[in-house]
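K.L.:
To start, I am sharing the structure in question, which I have written as structure tokens.
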Amino acid sequence: MTIYARILGMLFGAMMLLLALLITVETVIRKAFSMSLGGIDELGGYAIAIAAPLAFCVAMVEQSHIRINLVHMRLPFRVPAVLNALAALTLGLLAAFLLYFTLQTVQDTRLYGSIAQTPRATPLIYPQTVWLIAMSAFALAATLLTVQALGLLVKGDWKALNRRFGPSSTQDELEAELEDLKQRDGGQP
């Protein structure tokens, strides 16, 4: 799963870098030459819509979303495990809903032949199909993680459930930061 998230993360990063470059070029051309490339805002909207599910997937797989574990870490051992499984289940359900909504939108676009209300009049089926693919990638990862979490719950493997789906402890975060620092410094402690 980590490789999957890394690939999606690189796609996300490449899209955002390209968007930043286009916006920079557009800004310079407007300021220096009073001209415009035209449609950069439209492309930016498509890029954000496509990049969002990729970022959702990376945050979900890497457990990098924000979680407040003040109460979580004070609960009896099994309660956080059940809450972690419930969190994975609700995230899986959210991903399924978003995929359903995206699919409905693409089907409506295809049915009506919708185009963007911009000077380019882009046929919306093209960016929305890429959006659907990105949302499918998120839904696939969410489904796999939900199945994994529910499997651990059914087996009663509370420790694995908490380790895989629970928030990192302060000690875990400190160790990860020290390891990252060590790698950046070329292996020096």
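Residue numbers start at 1 in each chain; chains themselves are named A, B, ... in the order of the structure tokens; ligands are numbered from 1 in the order shown.
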Per residue of range 116-156 of chain A within 12 Å of range 75-81 of chain A, what are the shortest atom pair and its distance in Å to one decimal, counting only C-alpha atoms, with rows by chain and residue number, as a Markdown table?
P.N.:
| residue | atom | partner | partner_atom | distance |
| --- | --- | --- | --- | --- |
| A:Ala149 | CA | A:Ala81 | CA | 9.3 |
| A:Leu150 | CA | A:Ala81 | CA | 10.4 |
| A:Leu152 | CA | A:Ala81 | CA | 9.3 |
| A:Leu153 | CA | A:Ala81 | CA | 7.6 |
| A:Val154 | CA | A:Ala81 | CA | 11.2 |
| A:Lys155 | CA | A:Ala81 | CA | 11.8 |
| A:Gly156 | CA | A:Arg78 | CA | 8.9 |
K.L.:
If you measure from CA of Ile23 in chain A to CA of Gly113 in chain A, what distance in Å do you get, rounded to one decimal?
P.N.:
28.8 Å
K.L.:
Find the distance between CA of Gly92 in chain A and CA of Gly151 in chain A and write it in Å to one decimal.
P.N.:
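Distance reported for this atom pair: 13.9 Å.
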K.L.:
Restricting the calculation to only C-alpha atoms, which member of A:Gly166, A:Pro123, A:Gly44, A:Gly9 is positioned closest to Ala137 in chain A?
P.N.:
A:Gly9
K.L.:
Counting only C-alpha atoms, figure out which residue out of A:Ala32, A:Leu22, A:Leu17, A:Met60 gets nearest to Pro167 in chain A.
P.N.:
A:Met60
K.L.:
Find the residues around Thr118 in chain A up to 12 Å (only C-alpha atoms counted), leave out those fewer than 6 positions away in its own chain, and share them as a PyMOL selection string.
P.N.:
chain A and resi 38-43+124
K.L.:
With N, CA and C atoms retained, could you export that selection as a tab-separated table (two decimals), in the first residue's frame?
P.N.:
chain	number	residue	atom	x	y	z
A	38	GLY	N	-4.75	32.43	-21.00
A	38	GLY	CA	-6.18	32.10	-21.05
A	38	GLY	C	-6.46	30.69	-20.55
A	39	GLY	N	-7.39	30.59	-19.65
A	39	GLY	CA	-7.86	29.29	-19.19
A	39	GLY	C	-7.05	28.64	-18.10
A	40	ILE	N	-6.07	29.34	-17.54
A	40	ILE	CA	-5.27	28.74	-16.47
A	40	ILE	C	-6.14	28.49	-15.24
A	41	ASP	N	-7.08	29.39	-14.96
A	41	ASP	CA	-7.98	29.18	-13.83
A	41	ASP	C	-8.85	27.94	-14.06
A	42	GLU	N	-9.27	27.71	-15.28
A	42	GLU	CA	-10.05	26.52	-15.61
A	42	GLU	C	-9.21	25.25	-15.40
A	43	LEU	N	-7.98	25.26	-15.91
A	43	LEU	CA	-7.10	24.11	-15.73
A	43	LEU	C	-6.78	23.89	-14.25
A	124	LEU	N	-16.60	18.60	-20.75
A	124	LEU	CA	-16.30	18.22	-19.37
A	124	LEU	C	-16.07	16.73	-19.18
K.L.:
Return as number ranges by chain the full set of residues in range 66-138 of chain A whose backbone-based DSSP assignment is alpha helix (DSSP H).
P.N.:
A: 78-112, 125-138
K.L.:
Could you list, as a compact mmCIF listing (two decimals) with N, CA and C atoms, in the first residue's frame, every residue within 12 Å of Thr129 in chain A, counting only C-alpha atoms and ignoring same-chain residues fewer than 6 positions away?
P.N.:
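around06.txt written:
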# COMPACT_ATOMS: atom_id res chain seq x y z
N TYR A 46 -9.60 22.02 -12.63
CA TYR A 46 -9.54 20.59 -12.96
C TYR A 46 -8.43 19.90 -12.16
N ALA A 49 -9.48 19.35 -8.53
CA ALA A 49 -10.48 18.28 -8.42
C ALA A 49 -9.85 16.91 -8.60
N ILE A 50 -8.88 16.80 -9.46
CA ILE A 50 -8.22 15.51 -9.71
C ILE A 50 -7.22 15.21 -8.60
N LEU A 99 -17.20 8.25 -4.69
CA LEU A 99 -17.07 7.57 -5.97
C LEU A 99 -18.42 7.51 -6.68
N THR A 102 -19.22 10.96 -7.99
CA THR A 102 -18.38 11.25 -9.15
C THR A 102 -18.87 10.50 -10.38
N LEU A 103 -19.21 9.23 -10.21
CA LEU A 103 -19.72 8.43 -11.33
C LEU A 103 -21.03 9.01 -11.86
N GLN A 104 -21.93 9.42 -10.97
CA GLN A 104 -23.19 10.04 -11.40
C GLN A 104 -22.93 11.32 -12.18
N THR A 105 -21.98 12.11 -11.73
CA THR A 105 -21.65 13.36 -12.40
C THR A 105 -21.12 13.09 -13.81
N VAL A 106 -20.22 12.11 -13.93
CA VAL A 106 -19.67 11.76 -15.24
C VAL A 106 -20.76 11.23 -16.17
N GLN A 107 -21.65 10.42 -15.63
CA GLN A 107 -22.75 9.90 -16.45
C GLN A 107 -23.67 11.02 -16.93
N ASP A 108 -23.98 11.97 -16.05
CA ASP A 108 -24.81 13.11 -16.45
C ASP A 108 -24.10 13.95 -17.52
N THR A 109 -22.80 14.15 -17.33
CA THR A 109 -22.02 14.91 -18.29
C THR A 109 -22.05 14.24 -19.67
N ARG A 110 -21.89 12.93 -19.67
CA ARG A 110 -21.92 12.18 -20.94
C ARG A 110 -23.32 12.28 -21.56
N PRO A 123 -15.10 20.17 -23.36
CA PRO A 123 -16.05 19.10 -23.06
C PRO A 123 -15.69 18.51 -21.69
N MET A 135 -10.68 9.36 -8.19
CA MET A 135 -11.59 9.00 -7.11
C MET A 135 -11.65 7.48 -6.95
N SER A 136 -11.55 6.76 -8.04
CA SER A 136 -11.53 5.30 -7.97
C SER A 136 -10.28 4.79 -7.25
K.L.:
Record the distance separating CA of Ser168 in chain A and CA of Glu62 in chain A, expressed in Å with one decimal.
P.N.:
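CA of Glu62 in chain A lies at a distance of 11.0 Å from CA of Ser168 in chain A.
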